[in-house]
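J.: There's a structure below that I have some questions on.
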Amino acid sequence: MLYNFKDIENKWQNFWAENNTFKAENNSTLPKFYVLDMFPYPSGAGLHVGHPLGYIASDIYSRYKRLKGFNVLHPQGYDSFGLPAEQYAIQTGRHPLQTTNENISRYREQLDRLGFSFDWSREIRTSNKNYYKWTQLMFIKLFNSWYDIDSNKSKDIKELISIFESNGNSNVNASKSDVIKTFESKEWNSYSLDKKEEILLNYRLAYLSEIDVNWCPKLGTVLANDEIIDGLSERGGHEVLRKKMTQWSIRISAYSERLLNGLNDIDWPEPLKEMQRNWIGKSEGAMVSFDVENFDKQIEVFTTRVDTIYGVSFMTLAPEHPFVKHITKDENLEPVKNYIEKSAKKTERERMSDVKSISGVFTGAYAIHPLNNEKLEIWISDYVLAGYGTGAVMAVPCGDQRDYNFAKFFNIPIKNIFLDKDISKEAFQSKEDFVLTNSEDLDGLNFKDGLNLATNKLQEINKGVRKINYKLRDAVFSRQRYWGEPFPVYYKGNSPVMIDQKYLPVALPDVDKYLPTEDGKPPLGNSKEWAWDTINNKVVANSLVDNKSVFRLELNTMPGWAGSSWYFNRYMDSNNDQEFASKESLNYWKEVDVYIGGSEHATGHLLYSRFWQYFLYDLDLVPVKDYAKKLINQGMILGNSAFISREVGTDNYFSKEIVKNVKTQLIHVDVQFVDTNNELDLDALRNWQPQFKNANFESLNQKFIVHREVEKMSKSKYNVINPDQICNDYGADTLRLYEMFLGPIEQAKPWNTAGISGTYSFLKKFWNLFHSTGEFYVDDNDPSKESLKILHKTIKKIEEDINNFSLNTSVSAFMICVNELSSQKCNNLYILKNLTILLSPFAPHICEEIWNKLGNLNTISFEPFPIFNPEFIKENSFEYPVSFNGKMKFKLNLEASLGVEEIKKTLQEDERLEKYLSQREIKKIIVVTGKIINIVC
RNA sequence: GCUCGAGUGGUGGAAUUGGUAGACACGUUGGACUUAAAAUCCAAUGAACAGUAAUGUUCGUAUGGGUUCAAGUCCCAUCUCGAGUACCA
């Protein structure tokens, strides 16, 4: 009887679907366990073999936890709002919902073929009304909240209003935009509604403001920094410009410190935490104020090196700094104006490629050093960024390389404040190994003492204060797109008003065109029905807008990360239409126990979602502040692209080993036409694309060899391996095992189809153990000691490996086990049962099939997951870990029955220990639980 | 530039965290079965040298040094690759 994976896999996939085998219950006496994958964006290209890597690992873990007696939640869904569907809609006029649904069915089909144990009854799609209804509600909550620094949490805006009404704002310590004037309760009460609203916007966690954004004219939308690569849009590679626009932002910066500290409480990969730490970018330093000659305001600068305050020899402002136009002297006006204009025109891309060149202009104004009253020239330069710190820098050329370069370039004097340090070639940037000089009473101090004294001195004269600065900036929340969540917002004049949550969702309207309108409004501006009737509380035609009871609605939509920032909570109770999830379900499932996904989301999704959860936690809407206890980063599976070299401008192609003295370029060819020896099937190539039809191919020995390179798998590189193909040829169980076998889960690795025969023949061998006579046959006598030994060795190894997510080595352990059993000709029932249970998380179909065959033989009891029994390994000889004085450790091959004297003898005979023991004397040998031996010398 | 991470056979990768390096798999070679092929099974497979042979010797985890009875693993320096970040004051 052959191993017919096709029938077996079909049969069990249908069985699981019909019986809802993997449906998780919200009420259970079993302990809960929540295993989550990052949900995919359903793209038109379908899945390739790289996508399922994480899903296979999480599925193995889920199935393992079920066997261990947990109530496992293992859901899946789709992040179905996004740009590609919209781009496609623009090109074809088809509604994004339609293409998204088609892509989802294709994804589902492919996922089902791999035998995943997802609970599909909980499926979610971020683009469904009954999902984004809750995203809209959470936006309203953000809008209606402010961040109280004193109690370190978000609170209801009503509380803030009542403080304003009774005490004004002078005692409020809140995260807020701009510097707001202080006001008394009397003043507040006298303000108009519009004025109050304007002030409140500066406190709200979701707020409107005029900001510099990355505008992509080609896509007609604003992009986040992480959606831009090398100054071009991540998608499409279009040009990106900087432009001022009124946008919604989320005040994530209020949570900087908590997001940073919270990293200590979660079991996430260290490199990923490091990335988040760098992104949040905490730096401790001080704000220092510099007076300006003939100007009534002071320039504030942030510095981490107050100790170098006496080394300041000039000031630099960002060209966008608000003071520039006020302080510039008349005779300097012309060059300053030119410089500002020039740098405003520069795109981010140009600024980046321009890092090396030094530019700047003197304003003619002077600042006054706060401690020694020296006059300092004030310059402007675009190496100072308007968006970081205060947009102004105290320049210390002897201690900062950029200031140094600037000073050298413009011949500004450089003062050395580091004793005996040579600064003739470059600045001395270290914070260690120096003492200060030329610094009045800081002379002779090191970094730490200098910093403290300088800060204290500045504080005394009211010119400086300790300050912590973060790089993390507020997140832009508006997108000029169609295919996203509409804001539940209408406008009374310029003030945004939230629609009452009773009337959610505010559904996405249909439009004729998905492009921005001709006058530059977002695509929703194309809708004829996009106004809010406050009497009937529904969306009505634009023509009815009267600004009395019918108002225009917000035209922007929310960004991709809105829906993905809280979806893990929705799975707990995804069909609830009263709440985003019931209190009971939230309290039962609490948080994700294991979350699997790529590290490319480190500073995007994985940061935003942490923020979002903290916010919900502050409002007491979720029971835990960290939504994912443990995170595993799966690496990418890369493609092995094939290239042929073409002589530039001709139709001549050369096999790899031919070296020609002509200019050639490499052209991608489909990897399907290349065999394992890198030989190209020329006939297939000629039929593939017309350019190759009559081309001239030159090779040695009739074999045309391609050039290989490892790259990301993508349709455009013709290196995609489709999982369906592998399932057809080898079966899902083989693919699952092979993807795990390929290497450590977190590592990026190239796909190589050739290696798959190893795992395939392993499954065949396993199957043949019990089909050696042609029919299914097992022996129900007591198992032999040898087979028990190998079984228990394997149990131990598998359990350890799964817990460490070291799934590649566990596949090896299975192979060793089956090879051993097969050479023992073991077809014992007890062994079979235990082994299939052990293997079932990895290769579930084949194991189900064997259990089914066992049906009527089901007389021997066995554990749901086999328990390791060390007795079976200890038989005869075994490698014992040995330690000396509880310190040094190594392995010693000993027989189990040896006495102390015999152990002593064995030790002395071991040549590894010869030198060590020649210097010491064995005093005592301690044998603990027959396992660990400690030797006291 | 800065911050992390990694360099092990022809290839993917193991190594119980300092204890016999190269598990397991691919590939390659040889053999069995077969009219033949496929499939399957068995054996060999880091390199060099010696031996008819069993076997033995030497070298070997990017490079150079160090600590230790013992180093792929720890320390220092150098080189290479990958990821993140980008004038962050």
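Each chain in the structure tokens gets a letter, A, B, ..., in the order shown, and its residues are numbered from 1; ligands are numbered from 1 in order too.
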For the contact check between chain A and chain B, emit one row per residue of chain A within 8 Å, containing the shortest atom pair and the distance in Å rounded to one decimal, counting only C-alpha atoms (C1' of nucleotides), chain then rising number order, as CSV.

T.:
residue,atom,partner,partner_atom,distance
A:Pro271,CA,B:C4,C1',6.1
A:Glu274,CA,B:C4,C1',7.4
A:Met275,CA,B:G84,C1',6.6
A:Phe302,CA,B:A89,C1',6.9
A:Thr303,CA,B:A89,C1',5.7
A:Thr304,CA,B:A89,C1',7.3
A:Val355,CA,B:C87,C1',6.5
A:Tyr383,CA,B:C87,C1',5.1
A:Val384,CA,B:C87,C1',7.1
A:Tyr388,CA,B:C88,C1',6.5
A:Gly389,CA,B:C88,C1',7.9
A:Val393,CA,B:A89,C1',5.8
A:Met394,CA,B:A89,C1',7.5
A:Ala395,CA,B:A89,C1',8.0
A:Arg402,CA,B:C87,C1',7.4
A:Lys471,CA,B:C88,C1',6.9
A:Leu742,CA,B:G12,C1',6.3
A:Gly743,CA,B:G13,C1',6.2
A:Ala754,CA,B:C26,C1',6.9
A:Gly755,CA,B:C26,C1',4.8
A:Gly758,CA,B:A25,C1',5.9
A:Thr759,CA,B:A25,C1',7.9
A:Thr809,CA,B:A14,C1',7.6
A:Ser812,CA,B:C24,C1',4.8
A:Ala813,CA,B:C24,C1',7.6
A:Met815,CA,B:C24,C1',7.2
A:Ile816,CA,B:C24,C1',7.4
A:Met888,CA,B:G18,C1',8.0
A:Lys889,CA,B:G19,C1',6.8
A:Phe890,CA,B:G19,C1',4.2
A:Lys891,CA,B:G19,C1',6.1
A:Arg912,CA,B:A70,C1',7.3
A:Leu913,CA,B:C69,C1',6.4
A:Glu914,CA,B:C69,C1',7.3
A:Lys915,CA,B:C69,C1',4.8
A:Tyr916,CA,B:C69,C1',4.3
A:Leu917,CA,B:C69,C1',8.0

J.: Quick one: residues within 6 Å of Gln480 of chain A, only C-alpha atoms (C1' of nucleotides) counted, chain neighbours fewer than 4 positions away excluded, as an MDAnalysis selection string?

T.: chainID A and resid 221 522 556

J.: When you draw a straight line from atom CA of Ile461 of chain A to atom CA of Leu385 of chain A, how long is it in Å?

T.: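 That distance, rounded to one decimal, is 28.2 Å.
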
J.: Would you mind writing down, as a ChimeraX atom specification, each residue of segment 592-824 of chain A that DSSP on the backbone assigns to strand (DSSP E or B)?

T.: /A:592-597,628-633,637-647,652-654,664-669,674,679-680,696-698,700,703,705,707-712,749-750,779

J.: Could you pull the residues within 9 Å of His369 of chain A, counting only C-alpha atoms (C1' of nucleotides), minus those fewer than 2 positions along the same chain, as a list of chain:residue names?

T.: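 Neighbouring residues, sequence-local ones excluded: A:Ser289, A:Phe290, A:Asp291, A:Ile309, A:Tyr310, A:Val312, A:Ala367, A:Leu371, A:Asn372, A:Asn373, A:Glu374, A:Lys375, A:Leu376.
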
J.: Have a look at atom CA of Val511 of chain A and atom CA of Ser527 of chain A and let me know their distance in Å, one decimal.

T.: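 According to the coordinates, atom CA of Val511 of chain A and atom CA of Ser527 of chain A are separated by 5.0 Å.
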
J.: May I ask for the distance between atom CA of Asn26 of chain A and atom CA of Lys625 of chain A, given in Å to one decimal place?

T.: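 Between atom CA of Asn26 of chain A and atom CA of Lys625 of chain A the gap works out to 20.8 Å.
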
J.: Excluding same-chain residues fewer than 2 positions from segment 56-65 of chain B, what lies within 7 Å of it counting only C-alpha atoms (C1' of nucleotides), as a ChimeraX atom specification?

T.: /B:7-8,72,79
